[in-house]
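One structure is given here, and the rest of the page talks about it.
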Amino acid sequence: MASLFNTLSIGYSGLNAAQVGINTTGHNISNAEVKGYTRERVIQSAQTPLFTGSGNIGNGTKVQDIARVFDNFVFNRYTSVSSNKEYTDFTQQSLEELSTYFPEIDGVGIKADLANYYNMWQTFADNPNNSAIKVALAKQTETLSQHINQTQSQVKHLQSTLNSQLSVDIDQVNSLASQLADLNGAIDTAESGNVYIASDLRDQRNVLEHSLARLIGSKVDQGQIQANIQIDSNSNTRTESYTLNINGFNIVDGKTFHPISIENKDNKDGLYSLSYKRQDGTLIPMEESINSGKIGAILDLRGGTIDTTTGVPTDGTVQKVVAQLDAFAKGLIEATNNLYAASSTTRMQSNPQTLGETDSLLSSNLNIHQGTFDLVVYDINGNEVARRGINIDAATSIGSSNNTNPNSIEAQIDAKIDDNGDGNANDNINNFLSYNYQQSADGITRLELGIKPSPESQGYTFSLEDKLKTTDFSSGTNFAGALGLGRYFDGDNASNINLTTSIANNSSNLHAGYSNTNGDSRVALSIVQQQFESYNFKIGEESYDSTIYGMFDTTATFVGISTNAAITKNETTTTQFNAVKLEYDSVSKVNIDEELTNLIKYQTSYGASAKVITAVDQMMQTLLGIKQ
C-alpha cells in the first residue's frame, strides 16, 4: 500500500535522477574539447510500481544506465577516411619537397647546366687549341656534375629521412597497440557481469584505434553490433571478441599484442624491413600489406620491397627518381666516354670491374653490344699509322688463358695481322699496343691498354673508335664507355659522376680531336652531336629510348606529374574527410548549446522533485498537527 513515505521516496528518486543528469551534463561540458571523447546520456526508466487494489501506483524513477552516443558505422568510416587523409597529406608534403629539387620550370637546374655544357663543347670545337676555353669547359663540366651529385644527394636524403621516420612510426604503432591490448583487459574487467558499459575506457580505446588507423591503416573486427535506440537513433556498440589487424595480420587479439618487427642490420644502406612474427617464430614480410595511413605513404614513397641481393627497394616513388637519375647520369657518362676514347693518348685504364677474364662480354651486366670498334695508332705528327677492327660477339671475352679464345679482346690485339697490307710485320697494332688485365684478391679487375715503351718514346699515341652508324649515332659496341677506357667522366651514377681527375687537375689534358694535330676538333663535334642522338637507358626491367635531354625530362616530368596527382588526390580525400568528420561530430561530439539546454532541463526537474518532497513534508506536518 502506498504511503506518504513512499511518495517521499518518489520525490527523492527524481532528485537523484536529476542530480545524475546534471553530473553527466557537467561531465560532457568539461570534456567537450577532449580528443575522442563521446558525449554521454542518462537512460531513465520507471521504478517497479506498487500493486494495490486500486491499480498499480507509480514508484518513481531510476537511472538505468549512463551510455555514450556512439555509432560504429560512422566511426569506421571516420577512421578509414582519416587513414586515407593521413596517406595523402604525407604524400603531398613529401612530393612537394621532392619537386623543389627539380626547378627546371624556372629555367635553372640540371637541364640548364646540360645546355651550357654542350654549348661549351661547341665553343671548344670552334677553338680546339684555346687554353682558356679548355678551362671553361672543365669548370662547366664540374658544375654540371656537382649539380647532378647535389640533386641525387637531396633525393637520397629524402629517402633516408623517410626511412628514419618509418622506424619512429613503427615504434609508435607498437606502443599504441600494446596500450590497446592493456586497455582491452581493463574494459573486460570493468564490464564483467554486464552491469554497465565502460564508456570512458571505450573512448580511450577509440582514440588509440583512430591513431593506429592514421599511422598504419589498421581495422578493428569486434563481435556483434548492439543498437542503443534509447540513447539515439544512430547509437550502437560492438561487444564480445576484439581484433585489430593490418590486411590480415592481427596485431592485437583481445588482451594479446603482436609487435611488428623492424630490422636494418643486414642492409648496407640502413633501409628498414618490416615483418610479422607468427606464433611459431616465423617472420613474414609485411611491407606489401601496408598500403594506407602515414606508414603506407612512407613505404610507397621510400620503396616497400627491398631486394635481398642489392639491398635497394624495387619500388617506391622516390626510389624511382633515384634510379632514373642514376640511369641519366650513367647514360651521359658512358656515351661521352665512348666518344672521348677516340681522343689519342698513351694509356687507357678501365674502371674497377668484377668481370672475369673469360666471361662473355655480352652476357655480363656491362652495357656492351655486339659490333666492332677500331684501335688506331698515330705518330708524333698525328698521322694514322695502324688501324685494326676488334670484333665483339657472343663468344668475346676480355682475355683467355694463353689466348686460347681467338675472339677474346686480348687475342685480337695480340694477333699477328698485317693491318696496313704493306707486308711490313713491324707497323701493326700488335707491335704498338700492350695489353694488361689483372684480377686482385678481392675480385676487382682493371683492363689497361697502352703504347709499348719503345713506340711511346717516339711519340706514338693510340685511340679507340667505336663503329657508329651514321643513321644512328648511338649505335656501337660501347666497349670504351662501359669499361671507362680513355674516359672524360669518372663514376657510374648520379652520386659519383665527375670530371676525370687528370683533366680536373690539368685542363691542358683536354683534347678536341682524334689526334694531336692542330685544328682537329672531331671529338668535340661528336660530343656536340651527342645531345641530339637517342640512347637506351635501362632501369631494372624497364628501358627508355631517348636523348640525354629526354631522359632527364622523363625524370623531372615524373616528379611533376606525381606531385600534381598527389595534390589532386589529397584535395578529393580532404573533401571526403570533412564530410565524414562532420557526420561523426554530429553523432558523438559534445554540443555545448545542447548540453546547456539539458542542464536547464535537469535543473528544472531537480526543482520540481524538490517541490514534491516539500509538499510531502507539509502534509506530514499537517498530520502531526492533527495528532496534537
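In the C-alpha cells, chains take the letters A, B, ... in the order shown, each chain's residues start at 1, and ligands count up from 1 in the order shown.
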
- Item | Sel. of strand (DSSP E or B) residues, segment 40-265 of chain A, as JSON, numbers by chain | {"A": [40, 41, 42, 43, 44, 45, 46, 50, 51, 52, 55, 56, 57, 61, 62, 63, 64, 65, 66, 67, 68, 219, 220, 221, 225, 226, 227, 236, 237, 238, 243, 244, 245, 246, 249, 250, 251, 252, 253, 256, 257, 260, 261, 262, 263]}

Skip Ala395 of chain A itself and residues of its chain fewer than 6 positions away, then list as a CSV table (one decimal) with N, CA and C atoms, in the first residue's frame all residues within 8 Å of it, counting only C-alpha atoms.
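Wrote out.csv, looks like this:
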chain,number,residue,atom,x,y,z
A,360,SER,N,81.9,-13.9,-70.9
A,360,SER,CA,81.4,-13.3,-72.1
A,360,SER,C,81.0,-11.9,-71.9
A,361,LEU,N,81.4,-11.0,-72.7
A,361,LEU,CA,81.1,-9.5,-72.5
A,361,LEU,C,79.6,-9.3,-72.7
A,407,ASN,N,88.5,-15.1,-80.1
A,407,ASN,CA,87.6,-14.0,-80.1
A,407,ASN,C,87.8,-13.1,-78.9
A,408,SER,N,88.7,-13.4,-78.0
A,408,SER,CA,88.9,-12.5,-76.9
A,408,SER,C,89.6,-11.2,-77.3

Distance table requested - segment 183-301 of chain A against segment 307-327 of chain A, cut-off 9 Å, only C-alpha atoms: one row per qualifying residue with the closest atom pair and its distance in Å to one decimal, ordered by chain and rising residue number, as a Markdown table.
| residue | atom | partner | partner_atom | distance |
| --- | --- | --- | --- | --- |
| A:Asp266 | CA | A:Gly311 | CA | 8.3 |
| A:Asn267 | CA | A:Gly311 | CA | 5.5 |
| A:Lys268 | CA | A:Gly311 | CA | 6.5 |
| A:Asp269 | CA | A:Gly311 | CA | 7.1 |
| A:Gly270 | CA | A:Gly311 | CA | 8.8 |
| A:Leu271 | CA | A:Gly311 | CA | 7.7 |
| A:Ile298 | CA | A:Gly316 | CA | 8.9 |
| A:Leu299 | CA | A:Gly316 | CA | 6.9 |
| A:Asp300 | CA | A:Gly316 | CA | 4.9 |
| A:Leu301 | CA | A:Thr317 | CA | 4.7 |

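Proximity of A:Ser167, A:Asn116, A:Ser261, A:Gln531 to Phe552 of chain A, computed with only C-alpha atoms, is greatest for A:Gln531.
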
- Compile the contact shell of Glu456 of chain A as a VMD selection string: residues with an atom at most 10 Å away, counting only C-alpha atoms, same-chain residues fewer than 5 positions apart removed. chain A and resid 345 to 347 379 to 380 432 to 433 450 to 451 461 to 462

- Select from segment 409-613 of chain A everything DSSP, run on the backbone, classes as alpha helix (DSSP H), then give the selection as number ranges by chain. A: 409-414, 429-432, 453-457, 479-483, 501-505, 522-530, 548-588, 592-613

- Query: Which of these, A:Thr604, A:Asn505, A:Gln349, A:Asn338, has the shortest distance to Ser526 of chain A once you count only C-alpha atoms?
  - Reply: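 Of A:Thr604, A:Asn505, A:Gln349, A:Asn338, the one nearest Ser526 of chain A is A:Asn338, counting only C-alpha atoms.
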
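Using only C-alpha atoms, the nearest neighbour of Ser13 of chain A within the list A:Ser45, A:Asn250, A:Asn127, A:Gln92 is A:Ser45.
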
- Message: Calculated over only C-alpha atoms, which of the candidates A:Ala17, A:Ile197, A:Ala342, A:Leu50 has the smallest distance to Val377 of chain A?
- Response: A:Ala342

- Of the listed residues A:Ser588, A:Asn381, A:Asn119, A:Gln530, that which approaches Thr38 of chain A most closely, counting only C-alpha atoms: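 Nearest candidate to Thr38 of chain A out of A:Ser588, A:Asn381, A:Asn119, A:Gln530: A:Ser588.
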
- Query: Which neighbours of segment 421-424 of chain A fall inside 12 Å, counting only C-alpha atoms, when residues of the same chain fewer than 3 positions from it are skipped, and could you give them as a ChimeraX atom specification?
  - Reply: /A:385-388,416-418,427-429,431

N, CA and C atoms of the current selection, written as a CSV table (one decimal), in the first residue's frame:
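part08.csv was written with the following content:
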chain,number,residue,atom,x,y,z
A,385,VAL,N,99.0,5.5,-88.4
A,385,VAL,CA,100.0,4.5,-88.9
A,385,VAL,C,99.5,3.1,-88.8
A,386,ALA,N,98.4,2.9,-88.1
A,386,ALA,CA,97.9,1.5,-88.0
A,386,ALA,C,96.4,1.6,-87.5
A,387,ARG,N,95.6,0.6,-88.0
A,387,ARG,CA,94.2,0.6,-87.5
A,387,ARG,C,93.8,-0.9,-87.6
A,388,ARG,N,93.1,-1.4,-86.5
A,388,ARG,CA,92.6,-2.7,-86.5
A,388,ARG,C,91.2,-2.8,-85.9
A,416,LYS,N,98.9,-11.5,-84.9
A,416,LYS,CA,99.9,-11.0,-85.9
A,416,LYS,C,99.3,-10.9,-87.2
A,417,ILE,N,98.7,-9.7,-87.4
A,417,ILE,CA,98.0,-9.4,-88.7
A,417,ILE,C,98.6,-8.2,-89.3
A,418,ASP,N,98.7,-8.3,-90.7
A,418,ASP,CA,99.2,-7.1,-91.4
A,418,ASP,C,98.1,-6.1,-91.6
A,427,ASP,N,104.7,-2.7,-88.3
A,427,ASP,CA,103.9,-1.5,-88.1
A,427,ASP,C,102.4,-1.8,-87.9
A,428,ASN,N,102.1,-2.9,-87.2
A,428,ASN,CA,100.8,-3.3,-86.9
A,428,ASN,C,100.4,-3.1,-85.5
A,429,ILE,N,99.1,-3.2,-85.2
A,429,ILE,CA,98.6,-2.9,-83.8
A,429,ILE,C,99.3,-3.7,-82.8
A,431,ASN,N,102.3,-4.6,-82.7
A,431,ASN,CA,103.6,-4.0,-82.5
A,431,ASN,C,103.6,-2.8,-81.6

- Task: Tell me, as number ranges by chain, which residues lie within 8 Å of Ala213 of chain A, counting only C-alpha atoms; anything in the same chain fewer than 3 positions away does not count.
- Result: A: 79-80, 82-83, 209-210, 216-219, 293

Save the residues we just selected, C-alpha atoms, as a short mmCIF file (atom, residue, chain, number, x, y, z; two decimals), in the first residue's frame?
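And here's result-v5.cif as it stands now:
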data_model
loop_
_atom_site.label_atom_id
_atom_site.label_comp_id
_atom_site.auth_asym_id
_atom_site.auth_seq_id
_atom_site.Cartn_x
_atom_site.Cartn_y
_atom_site.Cartn_z
CA THR A 79 38.88 6.06 -39.18
CA SER A 80 39.06 4.79 -42.76
CA SER A 82 41.34 9.54 -41.65
CA SER A 83 43.79 6.84 -42.73
CA GLU A 209 42.16 2.85 -32.82
CA HIS A 210 41.89 6.15 -34.68
CA ILE A 216 49.17 2.24 -40.49
CA GLY A 217 45.61 1.82 -41.82
CA SER A 218 44.57 -0.79 -39.25
CA LYS A 219 40.99 -2.02 -38.91
CA GLY A 293 47.98 5.56 -43.34
#

- Message: So that I can check the surroundings of Val135 of chain A, please list as a count of residues only every protein, DNA and RNA residue that reaches within 10 Å of it, counting only C-alpha atoms and ignoring chain neighbours fewer than 6 positions away.
- Response: 7

- Task: Compile the contact shell of Asp203 of chain A as number ranges by chain: residues with an atom at most 10 Å away, counting only C-alpha atoms, same-chain residues fewer than 6 positions apart removed.
- Result: A: 35-39, 68, 70, 209

- For Gln370 of chain A, which of A:Lys467, A:Lys601, A:Lys255, A:Lys277 is the closest residue, counting only C-alpha atoms?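 Selected residue with least distance to Gln370 of chain A: A:Lys467.
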